[in-house]
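Visitor: Input file: start_22.txt. Contents: compact mmCIF, C-alpha atoms.
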# COMPACT_ATOMS: atom_id res chain seq x y z
CA MET A 342 0.00 0.00 0.00
CA ALA A 343 1.34 3.42 -0.94
CA ASP A 344 1.88 6.17 1.59
CA PRO A 345 -1.07 8.54 1.99
CA LEU A 346 -0.78 11.99 0.49
CA LEU A 347 -1.38 13.71 3.82
CA SER A 348 -0.37 13.04 7.40
CA SER A 349 -0.78 14.78 10.73
CA ALA A 350 2.18 17.01 9.79
CA ASP A 351 -0.10 18.57 7.12
CA TRP A 352 -2.90 19.58 9.51
CA PRO A 353 -1.40 23.01 10.39
CA ALA A 354 -1.29 23.82 6.65
CA VAL A 355 -4.92 22.73 6.26
CA ARG A 356 -5.92 25.01 9.16
CA ALA A 357 -3.92 27.87 7.65
CA ALA A 358 -5.61 27.39 4.28
CA LEU A 359 -8.97 27.86 5.99
CA ASP A 360 -7.95 30.74 8.21
CA ILE A 361 -4.45 31.69 9.32
CA THR A 362 -5.68 32.35 12.87
CA LEU A 363 -6.97 28.80 13.44
CA ASP A 364 -5.15 26.63 15.93
CA ALA A 365 -5.50 23.05 17.15
CA ASN A 366 -7.96 24.14 19.85
CA ALA A 367 -10.31 25.73 17.32
CA LEU A 368 -9.97 22.93 14.76
CA PRO A 369 -8.57 19.73 16.31
CA ASP A 370 -6.27 17.39 14.41
CA ALA A 371 -8.74 14.55 14.99
CA THR A 372 -11.44 16.44 13.10
CA ILE A 373 -9.19 17.12 10.11
CA ALA A 374 -8.07 13.48 10.11
CA LEU A 375 -11.65 12.20 9.74
CA ASP A 376 -12.15 10.24 6.55
CA ILE A 377 -15.01 12.52 5.49
CA TYR A 378 -12.52 15.39 5.25
CA SER A 379 -8.90 14.38 4.62
CA GLY A 380 -9.69 10.86 3.40
CA ARG A 381 -12.19 12.11 0.86
CA ALA A 382 -9.77 14.78 -0.39
CA MET A 383 -6.91 12.29 -0.77
CA ARG A 384 -9.13 9.83 -2.67
CA GLU A 385 -10.21 12.57 -5.06
CA VAL A 386 -6.63 13.60 -5.81
CA GLU A 387 -5.50 9.98 -6.21
CA ALA A 388 -8.40 9.31 -8.61
CA ARG A 389 -7.56 12.31 -10.77
CA VAL A 390 -3.75 12.16 -10.79
CA ASP A 391 -2.21 8.85 -11.86
CA GLY A 392 0.46 7.68 -9.44
CA ALA A 393 -0.17 10.60 -7.07
CA THR A 394 1.43 8.87 -4.09
CA ALA A 395 4.59 8.02 -6.04
CA LEU A 396 5.37 11.52 -7.32
CA THR A 397 8.54 13.29 -6.28
CA GLY A 398 10.00 16.77 -6.40
CA ASN A 399 7.77 19.64 -7.50
CA ASP A 400 5.02 17.23 -8.60
CA GLU A 401 4.88 15.83 -5.07
CA LEU A 402 4.58 19.34 -3.65
CA GLN A 403 1.75 20.14 -6.04
CA VAL A 404 -0.21 16.97 -5.32
CA THR A 405 0.19 17.53 -1.58
CA ALA A 406 -0.95 21.14 -1.91
CA ALA A 407 -4.00 19.99 -3.90
CA ALA A 408 -4.89 17.47 -1.19
CA ARG A 409 -4.47 20.11 1.53
CA PHE A 410 -6.67 22.60 -0.33
CA LEU A 411 -9.35 19.96 -0.95
CA THR A 412 -9.30 18.93 2.71
CA ALA A 413 -9.77 22.55 3.72
CA ALA A 414 -12.53 22.95 1.12
CA GLU A 415 -14.33 19.94 2.61
CA LEU A 416 -13.99 21.40 6.13
CA ALA A 417 -15.09 24.96 5.29
CA PRO A 418 -18.86 24.32 5.21
CA ALA A 419 -18.62 22.68 8.65
CA MET A 420 -16.80 25.60 10.26
CA PRO A 421 -19.91 27.36 11.66
CA ALA A 422 -20.93 24.15 13.41
CA LEU A 423 -17.39 23.57 14.66
CA ALA A 424 -17.32 27.12 16.03
CA ARG A 425 -20.27 26.42 18.32
CA GLY A 426 -19.03 25.70 21.79
CA LYS A 427 -15.70 27.41 21.20
CA ALA A 428 -14.67 30.76 22.60
CA GLN A 429 -17.31 33.42 22.00
CA GLU A 430 -14.87 35.86 20.38
CA TRP A 431 -13.66 33.23 17.90
CA GLU A 432 -17.23 32.27 17.05
CA GLU A 433 -18.29 35.87 16.39
CA GLN A 434 -15.29 36.49 14.18
CA ARG A 435 -15.93 33.36 12.11
CA GLU A 436 -19.63 34.04 11.64
CA ARG A 437 -18.70 37.01 9.45
CA MET A 438 -16.76 34.79 7.07
CA ASP A 439 -18.59 33.33 4.06
CA TRP A 440 -17.51 29.70 4.42
CA SER A 441 -19.23 28.60 1.21
CA LYS A 442 -17.24 31.18 -0.71
CA ARG A 443 -14.03 30.13 1.06
CA SER A 444 -14.74 26.50 0.17
CA ALA A 445 -15.12 27.44 -3.50
CA GLU A 446 -11.86 29.42 -3.40
CA LEU A 447 -9.99 26.50 -1.85
CA ARG A 448 -11.42 24.08 -4.40
CA ALA A 449 -10.29 26.44 -7.20
CA MET A 450 -6.76 26.47 -5.76
CA ALA A 451 -6.76 22.67 -5.68
CA GLU A 452 -8.03 22.56 -9.26
CA ALA A 453 -5.17 24.83 -10.35
CA GLU A 454 -2.61 22.51 -8.73
CA ILE A 455 -4.17 19.43 -10.34
CA ALA A 456 -4.42 21.12 -13.74
CA GLU A 457 -0.72 21.99 -13.57
CA LEU A 458 0.08 18.35 -12.82
CA LEU A 459 -2.06 17.02 -15.65
CA GLU A 460 -0.96 19.58 -18.24
CA PRO A 461 2.26 21.31 -17.20
CA THR A 462 2.93 24.69 -18.70
CA ALA A 463 5.65 24.68 -21.28
CA THR A 464 8.81 26.01 -19.76
CA VAL A 465 11.69 26.83 -22.00
CA THR A 466 15.03 26.11 -20.43
CA PHE A 467 18.01 28.03 -21.64
CA ARG A 468 20.83 25.79 -22.68
CA PRO A 469 23.97 27.55 -23.79
CA THR A 470 25.64 26.35 -26.94
CA MET A 471 28.84 24.76 -25.81
CA PHE A 472 29.95 23.22 -29.04
CA ALA A 473 29.20 24.30 -32.53
CA ARG A 474 30.45 23.38 -35.94
CA ALA A 475 32.96 25.87 -37.15
CA GLN A 476 33.42 26.81 -40.75
CA GLY A 477 36.75 25.81 -42.23
CA ARG A 478 38.65 23.48 -44.53
CA ARG A 479 39.80 20.83 -42.11
CA GLY A 480 39.05 17.32 -43.10
CA LYS A 481 38.34 18.20 -46.71
Just give me the structure of the file as C-alpha cells.

Guide:
Amino acid sequence: MADPLLSSADWPAVRAALDITLDANALPDATIALDIYSGRAMREVEARVDGATALTGNDELQVTAAARFLTAAELAPAMPALARGKAQEWEEQRERMDWSKRSAELRAMAEAEIAELLEPTATVTFRPTMFARAQGRRGK
C-alpha cells in the first residue's frame, strides 16, 4: 500500500488554508483526520492524478498542496458548526466569514494545482551552446 498523500504534519497547513488564525484548539487534528474530510480529499486527488502517491519533487509538492486545499474545502462548510461551543470571540469572528465562498476558493486552488500536474505549462530552459560546428577546410 502506498503512503497517503497527507499526514498529521499537514494539519497546520490545512488550518492555515482555511484561516491563518486557526489553531489546534479551534480545529482539532482529529477532526481534520476524519475520513469525510482528509480521506475524501486524498481519494479525489488519487483518482484524478495517476500515481499521485509516487510523485517526487515539484510534482509531489503540487499533489500535496492539492490534497491540503481539498481537505480545507471539505472542512469549510462545517466551520460554523465547529465554532459552536468554542470561545465566544472566535465564534463571532468566524460568523462574518462566508464559508461557502471560502470552500469554493480552496477548491479552485486545488483545481489549479491538479491542472498543472495534468498539463504542465511549457517552460523553456536556456541551454547555452557549448559546441558548434565551425566553418573551415579541415578534413576536406

Visitor: Would you mind telling me which residue in A:Ala365, A:Ala357, A:Ile455, A:Leu416 lies nearest to A:Glu401 when using all atoms listed in the file?

Guide: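 Going through A:Ala365, A:Ala357, A:Ile455, A:Leu416 one by one, the smallest distance to A:Glu401 is for A:Ile455.
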
Visitor: Identify which of the residues A:Asp391, A:Glu446, A:Asp439, A:Glu454 lies closest to A:Ala406, counting all atoms listed in the file when measuring atom-to-atom distances.

Guide: A:Glu454

Visitor: What does the distance from atom CA of A:Lys442 to atom CA of A:Leu459 come to in Å, to one decimal?

Guide: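 We find that atom CA of A:Lys442 and atom CA of A:Leu459 lie 25.6 Å from each other.
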
Visitor: Using only C-alpha atoms, which of the listed residues (A:Ala374, A:Val386, A:Leu458, A:Leu363) sits closest to A:Leu411?

Guide: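 So, comparing all the options, the nearest one is A:Val386.
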
Visitor: Residues within 7 Å of A:Trp352, please, as a list in words. Count only C-alpha atoms; anything in the same chain fewer than 4 positions from it doesn't count.

Guide: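 The neighbour list is Arg356, Asp370 and Ile373 of chain A.
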
Visitor: Go ahead and dump the residues you just picked, C-alpha atoms, as an mmCIF file, in the coordinates of the input.

Guide:
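Once everything was written out, this is part31.cif:
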data_model
loop_
_atom_site.group_PDB
_atom_site.id
_atom_site.type_symbol
_atom_site.label_atom_id
_atom_site.label_comp_id
_atom_site.auth_asym_id
_atom_site.auth_seq_id
_atom_site.Cartn_x
_atom_site.Cartn_y
_atom_site.Cartn_z
ATOM 1 C CA ARG A 356 -5.920 25.010 9.160
ATOM 2 C CA ASP A 370 -6.270 17.390 14.410
ATOM 3 C CA ILE A 373 -9.190 17.120 10.110
#

Visitor: Would you work out the distance separating atom CA of A:Leu396 from atom CA of A:Gly380, expressed in Å to one decimal?

Guide: 18.5 Å

Visitor: Please provide as a list in words all residues within 10 Å of A:Pro345, with the sequence filter that same-chain residues fewer than 3 positions apart are discarded (counting only C-alpha atoms).

Guide: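 The neighbour list is Met342, Ser348, Gly380, Met383, Arg384, Glu387, Ala393, Thr394, Ala395 and Thr405 of chain A.
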
Visitor: If I take atom CA of A:Glu457 and atom CA of A:Ile377, how far is one from the other in Å, to one decimal?

Guide: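 Interatomic distance here is 25.6 Å.
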
Visitor: Determine the nearest neighbour of A:Trp440 from the options A:Pro461, A:Gly398, A:Gly392, A:Pro418, counting only C-alpha atoms.

Guide: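 Ranked by minimum distance to A:Trp440, first place goes to A:Pro418.
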
Visitor: Write out as a list in words each polymer residue whose atoms come within 6 Å of A:Ala382, counting all atoms listed in the file; drop sequence neighbours fewer than 3 positions from it.

Guide: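 Counting only the stated atoms, we get Ser379, Glu385, Ala408, Leu411 and Thr412 of chain A.
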
Visitor: Go ahead and write the selection's residues with C-alpha atoms as a short mmCIF file (atom, residue, chain, number, x, y, z; two decimals), keeping the file's coordinate frame.

Guide:
data_model
loop_
_atom_site.label_atom_id
_atom_site.label_comp_id
_atom_site.auth_asym_id
_atom_site.auth_seq_id
_atom_site.Cartn_x
_atom_site.Cartn_y
_atom_site.Cartn_z
CA SER A 379 -8.90 14.38 4.62
CA GLU A 385 -10.21 12.57 -5.06
CA ALA A 408 -4.89 17.47 -1.19
CA LEU A 411 -9.35 19.96 -0.95
CA THR A 412 -9.30 18.93 2.71
#

Visitor: Would you list the contacts of A:Met438 as number ranges by chain, taking every protein, DNA or RNA residue within 10 Å and counting all atoms listed in the file, but skipping same-chain residues closer than 6 positions in sequence?

Guide: A: 360, 420-421

Visitor: Please list as a list in words every residue within 8 Å of A:Phe410, counting all atoms listed in the file and excluding residues in the same chain fewer than 5 positions away.

Guide: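 What passes the distance filter is Val355, Ala358, Leu447, Arg448, Met450 and Ala451 of chain A.
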
Visitor: Once you have the residues from the selection above, write them out as a PDB file, in the frame of the given file, restricted to C-alpha atoms.

Guide:
ATOM      1  CA  VAL A 355      -4.920  22.730   6.260  1.00  0.00           C
ATOM      2  CA  ALA A 358      -5.610  27.390   4.280  1.00  0.00           C
ATOM      3  CA  LEU A 447      -9.990  26.500  -1.850  1.00  0.00           C
ATOM      4  CA  ARG A 448     -11.420  24.080  -4.400  1.00  0.00           C
ATOM      5  CA  MET A 450      -6.760  26.470  -5.760  1.00  0.00           C
ATOM      6  CA  ALA A 451      -6.760  22.670  -5.680  1.00  0.00           C
TER       7      ALA A 451
END
